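Dropping final.cif in here (mmCIF, C-alpha atoms):
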data_run
#
loop_
_atom_site.label_atom_id
_atom_site.label_comp_id
_atom_site.auth_asym_id
_atom_site.auth_seq_id
_atom_site.Cartn_x
_atom_site.Cartn_y
_atom_site.Cartn_z
CA SER A 1198 -6.84 1.34 9.63
CA ALA A 1199 -9.22 0.84 6.71
CA VAL A 1200 -10.33 -2.45 5.20
CA ILE A 1201 -9.59 -2.41 1.50
CA SER A 1202 -11.11 -4.93 -0.89
CA GLN A 1203 -9.62 -5.29 -4.32
CA LYS A 1204 -11.11 -7.31 -7.17
CA PRO A 1205 -10.12 -9.41 -8.99
CA SER A 1206 -7.29 -10.88 -6.94
CA ARG A 1207 -5.72 -12.30 -10.08
CA ASP A 1208 -6.39 -12.64 -13.78
CA ILE A 1209 -4.82 -13.93 -16.95
CA CYS A 1210 -5.66 -11.80 -19.97
CA GLN A 1211 -5.02 -11.83 -23.68
CA ARG A 1212 -2.85 -9.11 -25.15
CA GLY A 1213 -4.81 -6.26 -26.67
CA THR A 1214 -7.66 -6.55 -24.17
CA SER A 1215 -8.44 -4.39 -21.14
CA LEU A 1216 -8.96 -5.22 -17.48
CA THR A 1217 -10.71 -3.10 -14.87
CA ILE A 1218 -9.63 -3.48 -11.25
CA GLN A 1219 -11.94 -2.37 -8.46
CA CYS A 1220 -10.99 -0.99 -5.06
CA GLN A 1221 -13.60 -0.67 -2.30
CA VAL A 1222 -12.85 0.82 1.13
CA ASP A 1223 -15.02 0.32 4.21
CA SER A 1224 -14.82 3.97 5.26
CA GLN A 1225 -14.49 7.36 3.66
CA VAL A 1226 -10.88 8.13 2.91
CA THR A 1227 -9.10 11.28 1.91
CA MET A 1228 -6.83 9.96 -0.81
CA MET A 1229 -6.72 6.88 -2.99
CA PHE A 1230 -3.74 5.76 -5.02
CA TRP A 1231 -2.86 3.09 -7.54
CA TYR A 1232 0.58 1.46 -7.49
CA ARG A 1233 2.31 -1.09 -9.67
CA GLN A 1234 4.69 -3.68 -8.27
CA GLN A 1235 6.85 -5.39 -10.86
CA PRO A 1236 9.09 -8.33 -9.91
CA GLY A 1237 12.26 -7.15 -8.21
CA GLN A 1238 11.19 -3.52 -8.44
CA SER A 1239 9.92 -1.02 -5.91
CA LEU A 1240 6.28 -0.08 -5.74
CA THR A 1241 5.73 2.62 -8.31
CA LEU A 1242 2.90 5.11 -8.08
CA ILE A 1243 0.74 5.17 -11.20
CA ALA A 1244 -1.67 7.92 -10.19
CA THR A 1245 -3.66 9.58 -7.46
CA ALA A 1246 -7.39 8.99 -7.84
CA ASN A 1247 -9.25 12.23 -7.20
CA GLN A 1248 -12.87 12.13 -6.18
CA GLY A 1249 -15.07 13.67 -8.83
CA SER A 1250 -12.25 14.80 -11.10
CA GLU A 1251 -9.52 13.46 -13.35
CA ALA A 1252 -6.75 11.45 -11.77
CA THR A 1253 -3.26 12.88 -11.34
CA TYR A 1254 -0.73 10.72 -13.19
CA GLU A 1255 2.93 10.22 -12.42
CA SER A 1256 5.63 10.62 -15.03
CA GLY A 1257 5.58 7.70 -17.42
CA PHE A 1258 1.90 6.88 -16.94
CA VAL A 1259 -0.90 8.23 -19.12
CA ILE A 1260 -4.66 8.32 -18.90
CA ASP A 1261 -5.21 6.50 -22.20
CA LYS A 1262 -3.32 3.49 -20.90
CA PHE A 1263 -4.49 3.60 -17.26
CA PRO A 1264 -7.88 5.32 -17.03
CA ILE A 1265 -8.97 5.77 -13.42
CA SER A 1266 -12.32 6.60 -11.92
CA ARG A 1267 -13.28 7.64 -8.39
CA PRO A 1268 -16.98 8.37 -8.23
CA ASN A 1269 -17.11 8.67 -4.43
CA LEU A 1270 -14.96 8.61 -1.29
CA THR A 1271 -14.92 4.83 -0.92
CA PHE A 1272 -14.54 3.41 -4.44
CA SER A 1273 -12.10 3.60 -7.34
CA THR A 1274 -11.29 1.65 -10.48
CA LEU A 1275 -8.12 1.28 -12.52
CA THR A 1276 -8.29 0.04 -16.09
CA VAL A 1277 -5.24 -1.40 -17.81
CA SER A 1278 -5.94 -0.84 -21.50
CA ASN A 1279 -4.68 -2.52 -24.65
CA MET A 1280 -2.54 -4.85 -22.57
CA SER A 1281 0.82 -6.28 -23.54
CA PRO A 1282 3.00 -8.81 -21.67
CA GLU A 1283 4.95 -5.87 -20.22
CA ASP A 1284 1.83 -4.97 -18.22
CA SER A 1285 2.10 -8.22 -16.28
CA SER A 1286 2.48 -7.04 -12.71
CA ILE A 1287 0.78 -6.66 -9.37
CA TYR A 1288 -1.50 -3.65 -9.14
CA LEU A 1289 -2.24 -2.28 -5.69
CA CYS A 1290 -4.84 0.12 -4.39
CA SER A 1291 -3.76 2.31 -1.47
CA VAL A 1292 -5.62 4.76 0.74
CA ALA A 1293 -4.69 7.54 3.14
CA ILE A 1294 -6.97 8.66 5.94
CA TRP A 1295 -7.28 12.24 7.14
CA GLY A 1296 -5.46 12.55 10.42
CA ARG A 1297 -3.24 9.62 9.51
CA GLY A 1298 -2.37 10.95 6.12
CA THR A 1299 1.31 10.19 6.07
CA GLU A 1300 0.53 6.52 6.42
CA ALA A 1301 -0.92 4.51 3.59
CA PHE A 1302 -2.87 1.26 3.72
CA PHE A 1303 -2.98 -1.28 0.94
CA GLY A 1304 -5.34 -3.75 -0.60
CA GLN A 1305 -4.22 -7.30 -1.24
CA GLY A 1306 -3.35 -6.53 -4.85
CA THR A 1307 -4.35 -7.81 -8.27
CA ARG A 1308 -1.88 -10.16 -9.91
CA LEU A 1309 -2.17 -9.65 -13.67
CA THR A 1310 -0.61 -11.90 -16.28
CA VAL A 1311 -0.87 -10.92 -19.94
CA VAL A 1312 -0.33 -13.67 -22.48
CA GLN B 118 19.87 7.62 -8.82
CA LYS B 119 16.73 6.23 -7.24
CA GLU B 120 15.32 8.27 -4.38
CA VAL B 121 15.19 5.26 -2.05
CA GLU B 122 17.76 2.47 -2.11
CA GLN B 123 17.25 -0.88 -0.42
CA ASP B 124 19.29 -4.06 -0.75
CA PRO B 125 16.87 -6.72 -2.04
CA GLY B 126 18.73 -9.58 -0.37
CA PRO B 127 17.71 -12.32 -0.02
CA LEU B 128 18.56 -12.49 3.67
CA SER B 129 18.42 -15.83 5.46
CA VAL B 130 18.87 -16.14 9.24
CA PRO B 131 18.25 -18.77 11.92
CA GLU B 132 15.37 -18.44 14.33
CA GLY B 133 16.27 -16.19 17.27
CA ALA B 134 18.74 -14.06 15.33
CA ILE B 135 18.70 -10.28 15.30
CA VAL B 136 17.86 -8.98 11.84
CA SER B 137 18.95 -5.60 10.54
CA LEU B 138 17.28 -4.12 7.47
CA ASN B 139 18.34 -0.81 5.98
CA CYS B 140 17.49 1.85 3.44
CA THR B 141 19.21 4.98 2.25
CA TYR B 142 17.59 7.92 0.55
CA SER B 143 18.63 11.01 -1.32
CA ASN B 144 15.80 13.50 -0.78
CA SER B 145 16.34 15.55 2.39
CA ALA B 146 12.68 16.63 2.27
CA PHE B 147 11.52 13.22 3.48
CA GLN B 148 10.25 13.49 7.03
CA TYR B 149 8.03 10.45 7.60
CA PHE B 150 9.42 6.96 7.42
CA MET B 151 7.63 3.64 7.34
CA TRP B 152 8.33 -0.04 7.20
CA TYR B 153 5.90 -2.39 5.53
CA ARG B 154 5.84 -6.16 5.69
CA GLN B 155 4.57 -8.07 2.68
CA TYR B 156 3.84 -11.76 2.78
CA SER B 157 3.79 -13.69 -0.47
CA ARG B 158 0.70 -12.92 -2.56
CA LYS B 159 -0.53 -10.31 -0.07
CA GLY B 160 -0.58 -6.54 0.00
CA PRO B 161 1.93 -4.55 2.10
CA GLU B 162 1.04 -4.24 5.79
CA LEU B 163 2.16 -1.21 7.77
CA LEU B 164 4.60 -2.35 10.46
CA MET B 165 6.32 0.74 11.83
CA TYR B 166 5.91 4.48 11.38
CA THR B 167 8.43 7.13 12.47
CA TYR B 168 8.55 10.87 12.17
CA SER B 169 11.94 12.57 11.71
CA SER B 170 15.07 11.28 13.41
CA GLY B 171 15.11 8.94 16.37
CA ASN B 172 14.10 5.49 17.48
CA LYS B 173 10.75 3.79 17.88
CA GLU B 174 10.18 0.42 19.46
CA ASP B 175 7.20 -1.89 19.16
CA GLY B 176 7.64 -5.32 20.69
CA ARG B 177 10.43 -7.12 18.85
CA PHE B 178 10.70 -4.38 16.25
CA THR B 179 12.78 -1.19 16.44
CA ALA B 180 12.86 1.47 13.75
CA GLN B 181 15.70 3.98 13.59
CA VAL B 182 15.99 7.10 11.50
CA ASP B 183 19.18 9.10 11.01
CA LYS B 184 18.28 12.07 8.86
CA SER B 185 21.80 13.47 8.92
CA SER B 186 23.02 10.33 7.14
CA LYS B 187 19.78 9.77 5.20
CA TYR B 188 19.67 6.26 6.59
CA ILE B 189 16.88 4.25 8.17
CA SER B 190 16.92 0.83 9.80
CA LEU B 191 14.55 -1.80 11.07
CA PHE B 192 15.75 -4.26 13.68
CA ILE B 193 13.93 -7.48 14.47
CA ARG B 194 14.89 -9.18 17.73
CA ASP B 195 14.36 -12.85 18.43
CA SER B 196 13.33 -13.44 14.84
CA GLN B 197 10.68 -16.07 14.17
CA PRO B 198 9.84 -18.12 11.07
CA SER B 199 6.61 -16.11 10.89
CA ASP B 200 8.76 -13.02 10.21
CA SER B 201 9.69 -14.50 6.84
CA ALA B 202 8.43 -11.92 4.34
CA THR B 203 9.56 -9.04 2.18
CA TYR B 204 10.19 -5.83 4.10
CA LEU B 205 9.66 -2.56 2.29
CA CYS B 206 10.89 0.80 3.47
CA ALA B 207 8.84 3.82 2.47
CA MET B 208 8.98 7.53 3.08
CA THR B 209 7.18 10.72 2.31
CA ARG B 210 7.60 14.47 2.47
CA GLY B 211 4.47 14.83 4.50
CA SER B 212 3.14 17.61 2.33
CA THR B 213 1.84 15.03 -0.15
CA LEU B 214 -0.82 13.18 1.77
CA GLY B 215 -0.23 9.44 1.59
CA ARG B 216 2.06 9.59 -1.44
CA LEU B 217 4.95 7.27 -0.63
CA TYR B 218 8.34 6.51 -2.12
CA PHE B 219 9.41 2.90 -1.72
CA GLY B 220 12.57 0.86 -1.66
CA ARG B 221 12.71 -2.38 -3.63
CA GLY B 222 12.12 -4.50 -0.54
CA THR B 223 14.35 -7.02 1.24
CA GLN B 224 13.30 -10.65 1.18
CA LEU B 225 13.85 -12.23 4.60
CA THR B 226 13.72 -15.93 5.48
CA VAL B 227 13.94 -17.07 9.09
CA TRP B 228 14.58 -20.78 9.29
CA PRO B 229 13.76 -22.88 12.35
#
Please rewrite the model in this file as structure tokens.
Amino acid sequence: SAVISQKPSRDICQRGTSLTIQCQVDSQVTMMFWYRQQPGQSLTLIATANQGSEATYESGFVIDKFPISRPNLTFSTLTVSNMSPEDSSIYLCSVAIWGRGTEAFFGQGTRLTVV
Amino acid sequence: QKEVEQDPGPLSVPEGAIVSLNCTYSNSAFQYFMWYRQYSRKGPELLMYTYSSGNKEDGRFTAQVDKSSKYISLFIRDSQPSDSATYLCAMTRGSTLGRLYFGRGTQLTVWP
């Protein structure tokens, strides 16, 4: 498996501000994903982070709200923009490795509270 | 209808009990099935991975897949307090590398 480091692990932010979450992997991976985990809800995919190109967003998620970067095969960022209390959630970075691509490995998550 | 349904519990059992966790799904294209364990304030950890129908055993854990019924199960034998966590089922078509569909998770407590 891959070792995935996610920063920050938690944050409390004011509404209307933005937070950038970083995901660093210890090896080159094929795919990187960003999920949201709201209380009592299933993990929901926000987008697939594509290396060197624009991310692919799932229905209900837009680039203006959740801009994503992936400058190389081991690093990605997710920004939560213009935050409101409804954005309070756990955000998780996930990776898939070629040859083990149907499995996904997760970082420890970023617990975000918007006040 | 959600693609993956999972009873959120909570489920509370005594140490040593056999635990049965289940998920149902609606998309017949799913071929790969996983169980993740998530401790409080941690990310999900891959526990079991199964392709298509059948059983897979790993120590105290057994995963079962019945594609004809669109039903998957995870059994935990001789449950321990350290098994207390949220268990998430997940599945994928396989054609979408690493893109998973999750159940809501079942919160399990094993008391000594």
request  = Taking all atoms listed in the file into account, report as a PyMOL selection string which residues of chain A lie within 6 Å of chain B.
outcome  = chain A and resi 1238-1240+1293+1298-1301+1303-1306
File dump, residues just selected, C-alpha atoms, as a short mmCIF file (atom, residue, chain, number, x, y, z; two decimals), keeping the file's coordinate frame:
data_model
loop_
_atom_site.label_atom_id
_atom_site.label_comp_id
_atom_site.auth_asym_id
_atom_site.auth_seq_id
_atom_site.Cartn_x
_atom_site.Cartn_y
_atom_site.Cartn_z
CA GLN A 1238 11.19 -3.52 -8.44
CA SER A 1239 9.92 -1.02 -5.91
CA LEU A 1240 6.28 -0.08 -5.74
CA ALA A 1293 -4.69 7.54 3.14
CA GLY A 1298 -2.37 10.95 6.12
CA THR A 1299 1.31 10.19 6.07
CA GLU A 1300 0.53 6.52 6.42
CA ALA A 1301 -0.92 4.51 3.59
CA PHE A 1303 -2.98 -1.28 0.94
CA GLY A 1304 -5.34 -3.75 -0.60
CA GLN A 1305 -4.22 -7.30 -1.24
CA GLY A 1306 -3.35 -6.53 -4.85
#
Selected by the PyMOL selection byres ((chain A and resi 1232) around 6) in the shown coordinates: which residues, as a compact mmCIF listing (two decimals) with C-alpha atoms, keeping the file's coordinate frame?
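Writing the result to expr34.txt gives the following:
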# COMPACT_ATOMS: atom_id res chain seq x y z
CA TRP A 1231 -2.86 3.09 -7.54
CA ARG A 1233 2.31 -1.09 -9.67
CA THR A 1241 5.73 2.62 -8.31
CA LEU A 1242 2.90 5.11 -8.08
CA ILE A 1243 0.74 5.17 -11.20
CA TYR A 1288 -1.50 -3.65 -9.14
CA LEU A 1289 -2.24 -2.28 -5.69
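If you measure from each of A:Ile1218, A:Ile1260, A:Ile1287, A:Val1312 to Leu1275 in chain A using all atoms listed in the file, the closest one turns out to be A:Ile1218.
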ask   = CA of Pro1282 in chain A to CA of Lys1204 in chain A: how many Å, to one decimal?
value = 20.3 Å
key: Selected residue, from B:Asp183, B:Ser190, B:Gln224, B:Glu174, that lies nearest to Leu138 in chain B when counting all atoms listed in the file   =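 Going through B:Asp183, B:Ser190, B:Gln224, B:Glu174 one by one, the smallest distance to Leu138 in chain B is for B:Ser190.
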The PyMOL selection byres ((chain A and resi 1212) around 9) on the file shown: which residues, as a compact mmCIF listing (two decimals) with C-alpha atoms, keeping the file's coordinate frame?
# COMPACT_ATOMS: atom_id res chain seq x y z
CA CYS A 1210 -5.66 -11.80 -19.97
CA GLN A 1211 -5.02 -11.83 -23.68
CA GLY A 1213 -4.81 -6.26 -26.67
CA THR A 1214 -7.66 -6.55 -24.17
CA SER A 1215 -8.44 -4.39 -21.14
CA ASN A 1279 -4.68 -2.52 -24.65
CA MET A 1280 -2.54 -4.85 -22.57
CA SER A 1281 0.82 -6.28 -23.54
CA PRO A 1282 3.00 -8.81 -21.67
CA VAL A 1311 -0.87 -10.92 -19.94
CA VAL A 1312 -0.33 -13.67 -22.48
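Atom pair CA of Ser1273 in chain A / CA of Gln1219 in chain A: separated by 6.1 Å.
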inquiry  = Once the PyMOL selection byres ((chain B and resi 195) around 8) has been evaluated on this model, what residues remain selected, and can you format them as JSON, numbers by chain?
reply    = {"B": [132, 133, 134, 135, 177, 193, 194, 196, 197]}
request  = Record the distance separating CA of Ser145 in chain B and CA of Pro1236 in chain A, expressed in Å with one decimal.
outcome  =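 Taking CA of Ser145 in chain B and CA of Pro1236 in chain A, their separation equals 27.8 Å.
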What's around Pro1268 in chain A at 8 Å? Count all atoms listed in the file, leave out sequence neighbours fewer than 4 positions away in its own chain, and write the answer as a compact mmCIF listing (two decimals) with C-alpha atoms, in the coordinates of the input.
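Saved the output as result18.txt:
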# COMPACT_ATOMS: atom_id res chain seq x y z
CA GLN A 1248 -12.87 12.13 -6.18
CA GLY A 1249 -15.07 13.67 -8.83
CA PHE A 1272 -14.54 3.41 -4.44
CA SER A 1273 -12.10 3.60 -7.34
message = List the spatial neighbours of Gly171 in chain B as a PyMOL selection string - criterion: any atom at most 7 Å away, only C-alpha atoms, same-chain residues fewer than 2 positions off excluded.
response = chain B and resi 169+173+181-183
ask   = Quick one: of B:Pro198, B:Tyr204, B:Asp124, B:Phe178, who's nearest to Trp152 in chain B, counting all atoms listed in the file?
value = B:Tyr204
